[in-house]
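Undergrad: Following this line is final_33.cif, made up of mmCIF, C-alpha atoms:
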data_data
#
loop_
_atom_site.group_PDB
_atom_site.id
_atom_site.type_symbol
_atom_site.label_atom_id
_atom_site.label_comp_id
_atom_site.auth_asym_id
_atom_site.auth_seq_id
_atom_site.Cartn_x
_atom_site.Cartn_y
_atom_site.Cartn_z
ATOM 1 C CA MET A 1 20.962 -22.169 24.907
ATOM 2 C CA ASP A 2 18.936 -24.736 22.994
ATOM 3 C CA SER A 3 15.220 -24.494 23.546
ATOM 4 C CA GLN A 4 12.436 -26.302 21.753
ATOM 5 C CA TYR A 5 10.457 -23.056 21.597
ATOM 6 C CA ILE A 6 13.123 -21.315 19.527
ATOM 7 C CA ASP A 7 13.209 -24.268 17.125
ATOM 8 C CA HIS A 8 9.453 -24.373 16.818
ATOM 9 C CA ALA A 9 9.243 -20.609 16.314
ATOM 10 C CA MET A 10 11.706 -21.015 13.426
ATOM 11 C CA VAL A 11 9.539 -23.815 11.972
ATOM 12 C CA LEU A 12 6.492 -21.514 12.299
ATOM 13 C CA ALA A 13 8.396 -18.767 10.488
ATOM 14 C CA GLY A 14 9.150 -21.187 7.648
ATOM 15 C CA ILE A 15 5.510 -22.289 7.434
ATOM 16 C CA LEU A 16 4.277 -18.686 7.395
ATOM 17 C CA PHE A 17 6.782 -17.720 4.709
ATOM 18 C CA CYS A 18 5.685 -20.648 2.517
ATOM 19 C CA LEU A 19 2.013 -19.722 3.030
ATOM 20 C CA GLY A 20 2.748 -16.136 1.978
ATOM 21 C CA LEU A 21 4.668 -17.380 -1.060
ATOM 22 C CA VAL A 22 1.744 -19.630 -2.038
ATOM 23 C CA GLY A 23 -0.569 -16.644 -1.655
ATOM 24 C CA VAL A 24 1.572 -14.493 -3.942
ATOM 25 C CA MET A 25 1.720 -17.248 -6.570
ATOM 26 C CA VAL A 26 -1.907 -18.383 -6.663
ATOM 27 C CA ARG A 27 -3.771 -15.077 -6.325
ATOM 28 C CA ARG A 28 -4.239 -12.719 -9.262
ATOM 29 C CA ASN A 29 -5.735 -9.834 -7.292
ATOM 30 C CA LEU A 30 -3.000 -7.275 -6.537
ATOM 31 C CA LEU A 31 -4.536 -6.530 -3.119
ATOM 32 C CA PHE A 32 -4.317 -10.174 -2.029
ATOM 33 C CA MET A 33 -0.771 -10.424 -3.333
ATOM 34 C CA MET A 34 0.220 -7.456 -1.151
ATOM 35 C CA ILE A 35 -1.450 -9.020 1.899
ATOM 36 C CA SER A 36 0.540 -12.207 1.244
ATOM 37 C CA ILE A 37 3.750 -10.177 0.998
ATOM 38 C CA GLU A 38 2.926 -8.734 4.426
ATOM 39 C CA VAL A 39 2.674 -12.296 5.762
ATOM 40 C CA MET A 40 6.110 -13.097 4.320
ATOM 41 C CA LEU A 41 7.582 -9.980 5.998
ATOM 42 C CA ASN A 42 5.957 -11.061 9.276
ATOM 43 C CA ALA A 43 7.602 -14.485 8.949
ATOM 44 C CA ALA A 44 11.014 -12.889 8.410
ATOM 45 C CA GLY A 45 10.452 -10.707 11.489
ATOM 46 C CA LEU A 46 9.515 -13.780 13.539
ATOM 47 C CA ALA A 47 12.756 -15.485 12.482
ATOM 48 C CA PHE A 48 14.763 -12.424 13.611
ATOM 49 C CA ILE A 49 12.940 -12.244 16.950
ATOM 50 C CA ALA A 50 13.459 -15.963 17.593
ATOM 51 C CA ALA A 51 17.161 -15.741 16.782
ATOM 52 C CA GLY A 52 17.530 -12.673 19.026
ATOM 53 C CA SER A 53 15.827 -14.514 21.879
ATOM 54 C CA ALA A 54 18.016 -17.579 21.394
ATOM 55 C CA TRP A 55 21.177 -15.522 21.897
ATOM 56 C CA GLY A 56 19.764 -12.924 24.293
ATOM 57 C CA GLN A 57 20.989 -10.091 22.082
ATOM 58 C CA PRO A 58 19.041 -6.955 21.014
ATOM 59 C CA GLU A 59 20.104 -7.245 17.353
ATOM 60 C CA GLY A 60 17.116 -9.442 16.556
ATOM 61 C CA GLN A 61 14.631 -6.781 17.612
ATOM 62 C CA ILE A 62 16.622 -4.086 15.782
ATOM 63 C CA MET A 63 16.362 -6.068 12.556
ATOM 64 C CA PHE A 64 12.666 -6.578 13.265
ATOM 65 C CA LEU A 65 12.299 -2.781 13.483
ATOM 66 C CA ALA A 66 14.039 -2.492 10.109
ATOM 67 C CA VAL A 67 11.711 -5.148 8.664
ATOM 68 C CA ILE A 68 8.502 -3.426 9.782
ATOM 69 C CA THR A 69 9.801 -0.070 8.516
ATOM 70 C CA LEU A 70 10.439 -1.715 5.163
ATOM 71 C CA GLY A 71 6.972 -3.288 5.282
ATOM 72 C CA ALA A 72 5.283 0.046 5.981
ATOM 73 C CA ALA A 73 7.099 1.816 3.121
ATOM 74 C CA GLU A 74 6.408 -1.120 0.789
ATOM 75 C CA VAL A 75 2.703 -1.216 1.560
ATOM 76 C CA ALA A 76 2.339 2.565 1.071
ATOM 77 C CA VAL A 77 3.965 2.548 -2.380
ATOM 78 C CA GLY A 78 2.345 -0.749 -3.360
ATOM 79 C CA LEU A 79 -1.162 0.403 -2.474
ATOM 80 C CA GLY A 80 -0.530 3.623 -4.428
ATOM 81 C CA LEU A 81 0.360 1.491 -7.449
ATOM 82 C CA THR A 82 -2.783 -0.591 -6.842
ATOM 83 C CA LEU A 83 -4.921 2.568 -6.920
ATOM 84 C CA LEU A 84 -3.194 3.676 -10.128
ATOM 85 C CA LEU A 85 -3.803 0.280 -11.743
ATOM 86 C CA PHE A 86 -7.460 0.375 -10.741
ATOM 87 C CA ARG A 87 -7.854 3.900 -12.111
ATOM 88 C CA HIS A 88 -6.371 3.005 -15.524
ATOM 89 C CA HIS A 89 -7.801 -0.494 -16.047
ATOM 90 C CA ASN A 90 -10.826 -0.482 -13.698
ATOM 91 C CA SER A 91 -9.545 -3.763 -12.270
ATOM 92 C CA VAL A 92 -6.834 -4.972 -9.930
ATOM 93 C CA ASN A 93 -6.090 -8.166 -11.851
ATOM 94 C CA VAL A 94 -2.351 -8.365 -12.502
ATOM 95 C CA ASP A 95 -2.906 -10.435 -15.659
ATOM 96 C CA GLN A 96 -4.105 -7.237 -17.325
ATOM 97 C CA LEU A 97 -0.616 -5.807 -16.971
ATOM 98 C CA ASN A 98 0.644 -7.713 -20.017
ATOM 99 C CA GLN A 99 0.011 -4.668 -22.214
ATOM 100 C CA LEU A 100 2.335 -2.155 -20.613
ATOM 101 C CA ARG A 101 2.627 0.836 -22.926
ATOM 102 C CA GLY A 102 3.620 4.415 -22.137
ATOM 103 C CA MET B 1 5.247 -29.121 36.458
ATOM 104 C CA ILE B 2 2.210 -26.970 35.881
ATOM 105 C CA TRP B 3 4.206 -23.914 34.831
ATOM 106 C CA ALA B 4 5.867 -25.360 31.709
ATOM 107 C CA TYR B 5 2.544 -26.933 30.833
ATOM 108 C CA LEU B 6 0.824 -23.516 30.828
ATOM 109 C CA TYR B 7 3.521 -21.987 28.657
ATOM 110 C CA ASN B 8 3.193 -24.897 26.226
ATOM 111 C CA ILE B 9 -0.546 -24.347 25.920
ATOM 112 C CA VAL B 10 -0.224 -20.630 25.208
ATOM 113 C CA PHE B 11 2.704 -21.002 22.798
ATOM 114 C CA TYR B 12 1.346 -23.834 20.666
ATOM 115 C CA ALA B 13 -2.201 -22.490 20.653
ATOM 116 C CA SER B 14 -0.840 -19.173 19.329
ATOM 117 C CA CYS B 15 1.157 -21.038 16.674
ATOM 118 C CA GLY B 16 -1.949 -22.950 15.625
ATOM 119 C CA VAL B 17 -4.087 -19.812 15.479
ATOM 120 C CA THR B 18 -1.442 -18.041 13.387
ATOM 121 C CA VAL B 19 -1.159 -20.825 10.817
ATOM 122 C CA LEU B 20 -4.928 -21.379 10.647
ATOM 123 C CA ALA B 21 -5.672 -17.664 10.231
ATOM 124 C CA THR B 22 -3.029 -17.346 7.512
ATOM 125 C CA ILE B 23 -4.354 -20.355 5.584
ATOM 126 C CA LEU B 24 -7.893 -18.968 5.791
ATOM 127 C CA MET B 25 -6.586 -15.531 4.779
ATOM 128 C CA ILE B 26 -4.958 -16.617 1.523
ATOM 129 C CA SER B 27 -8.054 -18.614 0.539
ATOM 130 C CA ARG B 28 -10.689 -15.861 0.960
ATOM 131 C CA HIS B 29 -12.429 -14.286 -2.028
ATOM 132 C CA ASN B 30 -13.511 -11.174 -0.147
ATOM 133 C CA ALA B 31 -10.770 -8.642 0.623
ATOM 134 C CA VAL B 32 -12.322 -7.497 3.918
ATOM 135 C CA HIS B 33 -12.549 -11.088 5.181
ATOM 136 C CA ALA B 34 -8.883 -11.591 4.288
ATOM 137 C CA LEU B 35 -8.036 -8.436 6.251
ATOM 138 C CA LEU B 36 -9.929 -9.780 9.293
ATOM 139 C CA TYR B 37 -7.822 -12.933 9.195
ATOM 140 C CA LEU B 38 -4.661 -10.869 8.714
ATOM 141 C CA ILE B 39 -5.501 -8.956 11.920
ATOM 142 C CA ILE B 40 -5.955 -12.260 13.796
ATOM 143 C CA SER B 41 -2.669 -13.548 12.383
ATOM 144 C CA SER B 42 -0.811 -10.386 13.468
ATOM 145 C CA LEU B 43 -2.282 -10.483 16.976
ATOM 146 C CA SER B 44 -1.363 -14.128 17.556
ATOM 147 C CA LEU B 45 2.108 -13.471 16.157
ATOM 148 C CA ALA B 46 2.414 -10.644 18.698
ATOM 149 C CA ILE B 47 1.623 -13.139 21.471
ATOM 150 C CA ILE B 48 4.395 -15.390 20.157
ATOM 151 C CA PHE B 49 6.815 -12.421 20.162
ATOM 152 C CA TYR B 50 5.881 -11.741 23.778
ATOM 153 C CA LEU B 51 6.408 -15.360 24.720
ATOM 154 C CA LEU B 52 9.837 -15.272 23.076
ATOM 155 C CA GLY B 53 10.795 -12.434 25.423
ATOM 156 C CA ALA B 54 10.407 -9.536 22.968
ATOM 157 C CA ALA B 55 7.623 -7.487 24.559
ATOM 158 C CA PHE B 56 8.594 -4.320 22.665
ATOM 159 C CA ALA B 57 8.395 -6.114 19.322
ATOM 160 C CA ALA B 58 5.001 -7.517 20.321
ATOM 161 C CA ALA B 59 3.660 -4.020 21.014
ATOM 162 C CA LEU B 60 5.072 -2.773 17.697
ATOM 163 C CA GLU B 61 3.500 -5.694 15.847
ATOM 164 C CA VAL B 62 0.069 -4.757 17.215
ATOM 165 C CA ILE B 63 0.490 -1.005 16.632
ATOM 166 C CA VAL B 64 2.060 -1.137 13.170
ATOM 167 C CA TYR B 65 0.527 -4.233 11.556
ATOM 168 C CA ALA B 66 -2.856 -4.598 13.244
ATOM 169 C CA GLY B 67 -3.173 -0.793 13.362
ATOM 170 C CA ALA B 68 -1.449 1.318 10.738
ATOM 171 C CA VAL B 69 -0.949 -1.119 7.836
ATOM 172 C CA MET B 70 -4.485 -2.450 8.298
ATOM 173 C CA ILE B 71 -5.919 1.090 8.059
ATOM 174 C CA LEU B 72 -4.073 1.560 4.751
ATOM 175 C CA PHE B 73 -5.525 -1.670 3.372
ATOM 176 C CA VAL B 74 -9.037 -0.779 4.539
ATOM 177 C CA PHE B 75 -8.813 2.644 2.881
ATOM 178 C CA VAL B 76 -7.713 1.099 -0.406
ATOM 179 C CA VAL B 77 -10.509 -1.487 -0.230
ATOM 180 C CA MET B 78 -12.929 1.407 0.258
ATOM 181 C CA MET B 79 -11.517 3.307 -2.735
ATOM 182 C CA LEU B 80 -11.679 0.179 -4.933
ATOM 183 C CA ASN B 81 -15.388 -0.137 -4.178
ATOM 184 C CA GLN B 82 -16.968 -1.379 -7.392
ATOM 185 C CA GLY B 83 -20.488 -0.125 -6.775
ATOM 186 C CA GLN B 84 -23.675 -2.161 -7.135
ATOM 187 C CA ARG B 85 -22.023 -5.435 -8.088
ATOM 188 C CA SER B 86 -19.764 -5.234 -5.069
ATOM 189 C CA ALA B 87 -22.692 -4.383 -2.801
ATOM 190 C CA ALA B 88 -24.662 -7.416 -4.013
ATOM 191 C CA HIS B 89 -21.598 -9.552 -3.482
ATOM 192 C CA GLU B 90 -21.243 -8.192 0.047
ATOM 193 C CA ALA B 91 -24.897 -8.868 0.811
ATOM 194 C CA ALA B 92 -24.481 -12.472 -0.279
ATOM 195 C CA TRP B 93 -21.522 -12.835 2.081
ATOM 196 C CA LEU B 94 -22.891 -10.926 5.044
ATOM 197 C CA PRO B 95 -24.470 -13.882 6.937
ATOM 198 C CA ALA B 96 -22.868 -14.866 10.184
ATOM 199 C CA ARG B 97 -20.610 -17.572 8.759
ATOM 200 C CA GLY B 98 -18.202 -14.876 7.589
ATOM 201 C CA TRP B 99 -17.701 -13.767 11.176
ATOM 202 C CA ILE B 100 -17.826 -17.027 13.119
ATOM 203 C CA LEU B 101 -14.311 -18.283 12.406
ATOM 204 C CA PRO B 102 -12.506 -14.955 13.073
ATOM 205 C CA SER B 103 -14.530 -14.609 16.271
ATOM 206 C CA VAL B 104 -13.532 -18.098 17.432
ATOM 207 C CA LEU B 105 -9.870 -17.429 16.703
ATOM 208 C CA ALA B 106 -10.031 -14.036 18.450
ATOM 209 C CA ALA B 107 -11.715 -15.653 21.473
ATOM 210 C CA ILE B 108 -8.841 -18.153 21.687
ATOM 211 C CA LEU B 109 -6.390 -15.242 21.616
ATOM 212 C CA LEU B 110 -8.360 -13.402 24.329
ATOM 213 C CA SER B 111 -8.301 -16.454 26.603
ATOM 214 C CA LEU B 112 -4.544 -16.755 26.051
ATOM 215 C CA LEU B 113 -4.155 -13.074 26.974
ATOM 216 C CA LEU B 114 -6.183 -13.587 30.174
ATOM 217 C CA ILE B 115 -4.069 -16.626 31.067
ATOM 218 C CA GLY B 116 -0.950 -14.513 30.620
ATOM 219 C CA MET B 117 -2.357 -11.620 32.649
ATOM 220 C CA TYR B 118 -3.511 -13.671 35.642
ATOM 221 C CA SER B 119 -0.521 -15.980 35.896
ATOM 222 C CA ASP B 120 1.791 -15.265 38.825
ATOM 223 C CA GLN B 121 5.140 -15.124 37.048
ATOM 224 C CA PRO B 122 6.145 -13.666 33.669
ATOM 225 C CA LEU B 123 5.857 -16.210 30.885
ATOM 226 C CA GLN B 124 9.530 -17.001 30.348
ATOM 227 C CA PRO B 125 10.741 -20.567 29.868
ATOM 228 C CA TYR B 126 14.218 -22.004 30.180
ATOM 229 C CA GLY B 127 16.439 -21.284 27.164
ATOM 230 C CA VAL B 128 14.586 -18.194 25.958
ATOM 231 C CA HIS B 129 16.405 -14.989 26.865
ATOM 232 C CA GLY B 130 14.227 -11.920 27.040
ATOM 233 C CA VAL B 131 15.702 -8.658 25.773
ATOM 234 C CA ALA B 132 14.590 -5.545 27.638
ATOM 235 C CA VAL B 133 13.443 -2.424 25.795
ATOM 236 C CA LYS B 134 16.329 -0.522 27.402
ATOM 237 C CA ASP B 135 18.928 -2.792 25.790
ATOM 238 C CA VAL B 136 17.222 -2.468 22.417
ATOM 239 C CA GLY B 137 17.192 1.325 22.683
ATOM 240 C CA ILE B 138 20.829 1.527 23.747
ATOM 241 C CA ALA B 139 21.915 -0.706 20.852
ATOM 242 C CA LEU B 140 19.635 1.091 18.391
ATOM 243 C CA PHE B 141 21.044 4.534 19.090
ATOM 244 C CA GLY B 142 24.576 3.295 19.714
ATOM 245 C CA PRO B 143 26.221 1.006 17.159
ATOM 246 C CA TYR B 144 23.091 0.711 14.980
ATOM 247 C CA VAL B 145 22.255 4.389 14.537
ATOM 248 C CA LEU B 146 22.810 3.962 10.787
ATOM 249 C CA VAL B 147 19.735 1.692 10.706
ATOM 250 C CA VAL B 148 17.656 4.535 12.175
ATOM 251 C CA GLU B 149 18.938 6.984 9.563
ATOM 252 C CA LEU B 150 18.333 4.538 6.688
ATOM 253 C CA SER B 151 14.819 3.871 8.013
ATOM 254 C CA SER B 152 14.084 7.603 7.988
ATOM 255 C CA PHE B 153 15.316 7.841 4.363
ATOM 256 C CA LEU B 154 13.160 4.851 3.443
ATOM 257 C CA LEU B 155 10.027 6.220 5.110
ATOM 258 C CA LEU B 156 10.465 9.666 3.549
ATOM 259 C CA SER B 157 10.973 8.214 0.068
ATOM 260 C CA GLY B 158 8.000 5.919 0.622
ATOM 261 C CA LEU B 159 5.853 8.906 1.618
ATOM 262 C CA ILE B 160 6.874 10.973 -1.404
ATOM 263 C CA GLY B 161 6.574 8.000 -3.745
ATOM 264 C CA ALA B 162 3.102 7.039 -2.540
ATOM 265 C CA PHE B 163 1.918 10.654 -2.733
ATOM 266 C CA HIS B 164 3.226 11.076 -6.278
ATOM 267 C CA ILE B 165 1.976 7.734 -7.606
ATOM 268 C CA ALA B 166 -1.522 7.875 -6.145
ATOM 269 C CA ARG B 167 -2.101 11.558 -7.004
ATOM 270 C CA LYS B 168 -5.222 12.215 -9.013
ATOM 271 C CA MET B 169 -4.641 13.714 -12.437
ATOM 272 C CA PRO B 170 -6.584 16.975 -13.056
ATOM 273 C CA SER B 171 -10.015 16.582 -14.697
ATOM 274 C CA HIS B 172 -9.789 12.774 -14.836
ATOM 275 C CA MET B 173 -7.324 12.792 -17.742
ATOM 276 C CA SER B 174 -4.036 10.993 -17.899
ATOM 277 C CA SER B 175 -0.977 13.019 -18.896
ATOM 278 C CA ASN B 176 -1.031 11.521 -22.432
ATOM 279 C CA GLU B 177 -4.568 12.735 -23.016
ATOM 280 C CA LEU B 178 -3.656 16.209 -21.774
ATOM 281 C CA GLU B 179 -0.770 16.371 -24.259
ATOM 282 C CA GLU B 180 -3.036 15.315 -27.090
ATOM 283 C CA VAL B 181 -5.500 18.047 -26.179
ATOM 284 C CA ASP B 182 -2.705 20.617 -26.147
ATOM 285 C CA HIS B 183 -1.375 19.567 -29.559
ATOM 286 C CA GLY B 184 -4.791 19.258 -31.142
#
Represent the structure contained in this file as structure tokens.
TA:
Amino acid sequence: MDSQYIDHAMVLAGILFCLGLVGVMVRRNLLFMMISIEVMLNAAGLAFIAAGSAWGQPEGQIMFLAVITLGAAEVAVGLGLTLLLFRHHNSVNVDQLNQLRG
Amino acid sequence: MIWAYLYNIVFYASCGVTVLATILMISRHNAVHALLYLIISSLSLAIIFYLLGAAFAAALEVIVYAGAVMILFVFVVMMLNQGQRSAAHEAAWLPARGWILPSVLAAILLSLLLIGMYSDQPLQPYGVHGVAVKDVGIALFGPYVLVVELSSFLLLSGLIGAFHIARKMPSHMSSNELEEVDHG
């Protein structure tokens, strides 16, 4: 049951998640923040796949399907909001969102 | 034993390519360069999925992330085009150094793919249990059919939400301005 590859895939998932988190925190461009969120979703999917392979059960891949569905819906709505922000402020800098008014 | 050695090479090289591409991705200033590195990261992650015995998930990773999501990002980058300033910026970045690193990483991935294709046995080490597509499908439409239904709700609401949010207002006016015109 125990395999070094499963362990190392879990470590890789943790590293990828931290990299995505760093990307969300340090970038101020909404487009880059969304790309970093995609990386974090990828890391979560990798953790599910690795766990499913460790136990030989299909549940890991089913949760991965749920994760990529969530990612696709999230990126569609998020990019729509990015377009809206660019149209109103002529910029995609999230620091300009401190003046939210009707 | 040469077999475990080969698997080690492919697995850890894919891990290294994934981490390197992700680090380079979050440190780019140009959105298109970041998208190039995101494609490389998705492809190498798909190789890792395959090595973990999830071939179906690997195919989905390539189709959905490196295909569909990437097209969405590219379209938005095109629509956010900021004209002359952006073009000058692009021209300054166009020299080959912007393409060398993604090309090197993609070449590593291609060599890994060729290794996997021309090896005699499927890449499957001890302790990693592959799950066939058939088992996934049976479980997905058996006990987990609720996940399928919830995913369809989510995708439909995402479609409607994105269409409503990103819709262009008539005659380049926001709704507030239109109201003011009506009242004035």
Undergrad: Tell me as a VMD selection string which residues belonging to chain B come within 7 Å of chain A, counting all atoms listed in the file.
TA: chain B and resid 15 19 23 26 49 52 to 53 57 69 76 127 to 131 135 to 136 139 to 140 151 154 to 155 158 161 to 162 165 to 166
Undergrad: Identify which of the residues B:Tyr50, B:Phe75, B:Tyr7, B:Tyr12 lies closest to Ile115 (chain B), counting all atoms listed in the file when measuring atom-to-atom distances.
TA: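 With all atoms listed in the file as the atom set, the closest residue is B:Tyr7.
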Undergrad: Expand the PyMOL selection byres ((chain B and resi 61) around 9) into the individual residues it matches in the shown file, reporting them as a ChimeraX atom specification.
TA: /A:42,68 /B:42-43,45-46,49,56-60,62-67
Undergrad: Mind writing the picked residues with C-alpha atoms as a short mmCIF file (atom, residue, chain, number, x, y, z; two decimals), in the frame of the given file?
TA:
data_model
loop_
_atom_site.label_atom_id
_atom_site.label_comp_id
_atom_site.auth_asym_id
_atom_site.auth_seq_id
_atom_site.Cartn_x
_atom_site.Cartn_y
_atom_site.Cartn_z
CA ASN A 42 5.96 -11.06 9.28
CA ILE A 68 8.50 -3.43 9.78
CA SER B 42 -0.81 -10.39 13.47
CA LEU B 43 -2.28 -10.48 16.98
CA LEU B 45 2.11 -13.47 16.16
CA ALA B 46 2.41 -10.64 18.70
CA PHE B 49 6.82 -12.42 20.16
CA PHE B 56 8.59 -4.32 22.66
CA ALA B 57 8.40 -6.11 19.32
CA ALA B 58 5.00 -7.52 20.32
CA ALA B 59 3.66 -4.02 21.01
CA LEU B 60 5.07 -2.77 17.70
CA VAL B 62 0.07 -4.76 17.22
CA ILE B 63 0.49 -1.00 16.63
CA VAL B 64 2.06 -1.14 13.17
CA TYR B 65 0.53 -4.23 11.56
CA ALA B 66 -2.86 -4.60 13.24
CA GLY B 67 -3.17 -0.79 13.36
#
Undergrad: Go ahead and fit an axis-aligned box to every listed atom of region 56-68 of chain B plus 8 Å each side, and pass me the centre and edge lengths in Å, one decimal, as AutoDock Vina command-line options.
TA:
--center_x 2.7 --center_y -3.1 --center_z 16.7 --size_x 27.8 --size_y 24.8 --size_z 27.9
Undergrad: How far is it from CA of Val77 (chain B) to CA of Ile100 (chain B), in Å with one decimal?
TA: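 So the two atoms, CA of Val77 (chain B) and CA of Ile100 (chain B), lie 21.8 Å apart.
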Undergrad: Measure the distance from CA of Leu101 (chain B) to CA of Ala54 (chain B) in Å and round it to one decimal.
TA: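 Result for CA of Leu101 (chain B) versus CA of Ala54 (chain B): 28.3 Å, one decimal.
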Undergrad: Between CA of Ser41 (chain B) and CA of Leu80 (chain B), what is the spacing in Å?
TA: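 About the pair CA of Leu80 (chain B) and CA of Ser41 (chain B): they are 23.9 Å apart.
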Undergrad: Because some atoms of region 39-61 of chain A are absent here, can you restore N, CA and C atoms and send them as a PDB file, keeping the file's coordinate frame?
TA:
ATOM      1  N   VAL A  39       2.471 -11.071   4.978  1.00  0.00           N
ATOM      2  CA  VAL A  39       2.674 -12.296   5.762  1.00  0.00           C
ATOM      3  C   VAL A  39       4.123 -12.761   5.672  1.00  0.00           C
ATOM      4  N   MET A  40       4.714 -12.675   4.464  1.00  0.00           N
ATOM      5  CA  MET A  40       6.110 -13.097   4.320  1.00  0.00           C
ATOM      6  C   MET A  40       7.032 -12.207   5.145  1.00  0.00           C
ATOM      7  N   LEU A  41       6.762 -10.882   5.177  1.00  0.00           N
ATOM      8  CA  LEU A  41       7.582  -9.980   5.998  1.00  0.00           C
ATOM      9  C   LEU A  41       7.425 -10.316   7.480  1.00  0.00           C
ATOM     10  N   ASN A  42       6.185 -10.641   7.895  1.00  0.00           N
ATOM     11  CA  ASN A  42       5.957 -11.061   9.276  1.00  0.00           C
ATOM     12  C   ASN A  42       6.794 -12.284   9.622  1.00  0.00           C
ATOM     13  N   ALA A  43       6.841 -13.253   8.701  1.00  0.00           N
ATOM     14  CA  ALA A  43       7.602 -14.485   8.949  1.00  0.00           C
ATOM     15  C   ALA A  43       9.080 -14.163   9.117  1.00  0.00           C
ATOM     16  N   ALA A  44       9.608 -13.261   8.276  1.00  0.00           N
ATOM     17  CA  ALA A  44      11.014 -12.889   8.410  1.00  0.00           C
ATOM     18  C   ALA A  44      11.263 -12.216   9.755  1.00  0.00           C
ATOM     19  N   GLY A  45      10.313 -11.351  10.183  1.00  0.00           N
ATOM     20  CA  GLY A  45      10.452 -10.707  11.489  1.00  0.00           C
ATOM     21  C   GLY A  45      10.441 -11.721  12.617  1.00  0.00           C
ATOM     22  N   LEU A  46       9.567 -12.741  12.504  1.00  0.00           N
ATOM     23  CA  LEU A  46       9.515 -13.780  13.539  1.00  0.00           C
ATOM     24  C   LEU A  46      10.845 -14.511  13.621  1.00  0.00           C
ATOM     25  N   ALA A  47      11.459 -14.798  12.466  1.00  0.00           N
ATOM     26  CA  ALA A  47      12.756 -15.485  12.482  1.00  0.00           C
ATOM     27  C   ALA A  47      13.804 -14.630  13.190  1.00  0.00           C
ATOM     28  N   PHE A  48      13.804 -13.315  12.939  1.00  0.00           N
ATOM     29  CA  PHE A  48      14.763 -12.424  13.611  1.00  0.00           C
ATOM     30  C   PHE A  48      14.533 -12.403  15.118  1.00  0.00           C
ATOM     31  N   ILE A  49      13.246 -12.296  15.517  1.00  0.00           N
ATOM     32  CA  ILE A  49      12.940 -12.244  16.950  1.00  0.00           C
ATOM     33  C   ILE A  49      13.388 -13.530  17.635  1.00  0.00           C
ATOM     34  N   ALA A  50      13.099 -14.683  16.984  1.00  0.00           N
ATOM     35  CA  ALA A  50      13.459 -15.963  17.593  1.00  0.00           C
ATOM     36  C   ALA A  50      14.973 -16.085  17.741  1.00  0.00           C
ATOM     37  N   ALA A  51      15.702 -15.659  16.702  1.00  0.00           N
ATOM     38  CA  ALA A  51      17.161 -15.741  16.782  1.00  0.00           C
ATOM     39  C   ALA A  51      17.679 -14.804  17.870  1.00  0.00           C
ATOM     40  N   GLY A  52      17.097 -13.597  17.982  1.00  0.00           N
ATOM     41  CA  GLY A  52      17.530 -12.673  19.026  1.00  0.00           C
ATOM     42  C   GLY A  52      17.258 -13.225  20.420  1.00  0.00           C
ATOM     43  N   SER A  53      16.126 -13.937  20.578  1.00  0.00           N
ATOM     44  CA  SER A  53      15.827 -14.514  21.879  1.00  0.00           C
ATOM     45  C   SER A  53      16.741 -15.691  22.191  1.00  0.00           C
ATOM     46  N   ALA A  54      17.142 -16.429  21.156  1.00  0.00           N
ATOM     47  CA  ALA A  54      18.016 -17.579  21.394  1.00  0.00           C
ATOM     48  C   ALA A  54      19.362 -17.123  21.940  1.00  0.00           C
ATOM     49  N   TRP A  55      19.859 -15.988  21.462  1.00  0.00           N
ATOM     50  CA  TRP A  55      21.177 -15.522  21.897  1.00  0.00           C
ATOM     51  C   TRP A  55      21.099 -14.457  22.965  1.00  0.00           C
ATOM     52  N   GLY A  56      19.885 -13.959  23.286  1.00  0.00           N
ATOM     53  CA  GLY A  56      19.764 -12.924  24.293  1.00  0.00           C
ATOM     54  C   GLY A  56      20.362 -11.603  23.888  1.00  0.00           C
ATOM     55  N   GLN A  57      20.393 -11.327  22.587  1.00  0.00           N
ATOM     56  CA  GLN A  57      20.989 -10.091  22.082  1.00  0.00           C
ATOM     57  C   GLN A  57      19.902  -9.190  21.497  1.00  0.00           C
ATOM     58  N   PRO A  58      20.077  -7.863  21.540  1.00  0.00           N
ATOM     59  CA  PRO A  58      19.041  -6.955  21.014  1.00  0.00           C
ATOM     60  C   PRO A  58      19.035  -6.829  19.498  1.00  0.00           C
ATOM     61  N   GLU A  59      20.026  -7.418  18.806  1.00  0.00           N
ATOM     62  CA  GLU A  59      20.104  -7.245  17.353  1.00  0.00           C
ATOM     63  C   GLU A  59      18.885  -7.799  16.635  1.00  0.00           C
ATOM     64  N   GLY A  60      18.291  -8.867  17.193  1.00  0.00           N
ATOM     65  CA  GLY A  60      17.116  -9.442  16.556  1.00  0.00           C
ATOM     66  C   GLY A  60      15.976  -8.450  16.491  1.00  0.00           C
ATOM     67  N   GLN A  61      15.728  -7.756  17.607  1.00  0.00           N
ATOM     68  CA  GLN A  61      14.631  -6.781  17.612  1.00  0.00           C
ATOM     69  C   GLN A  61      14.959  -5.574  16.752  1.00  0.00           C
TER      70      GLN A  61
END
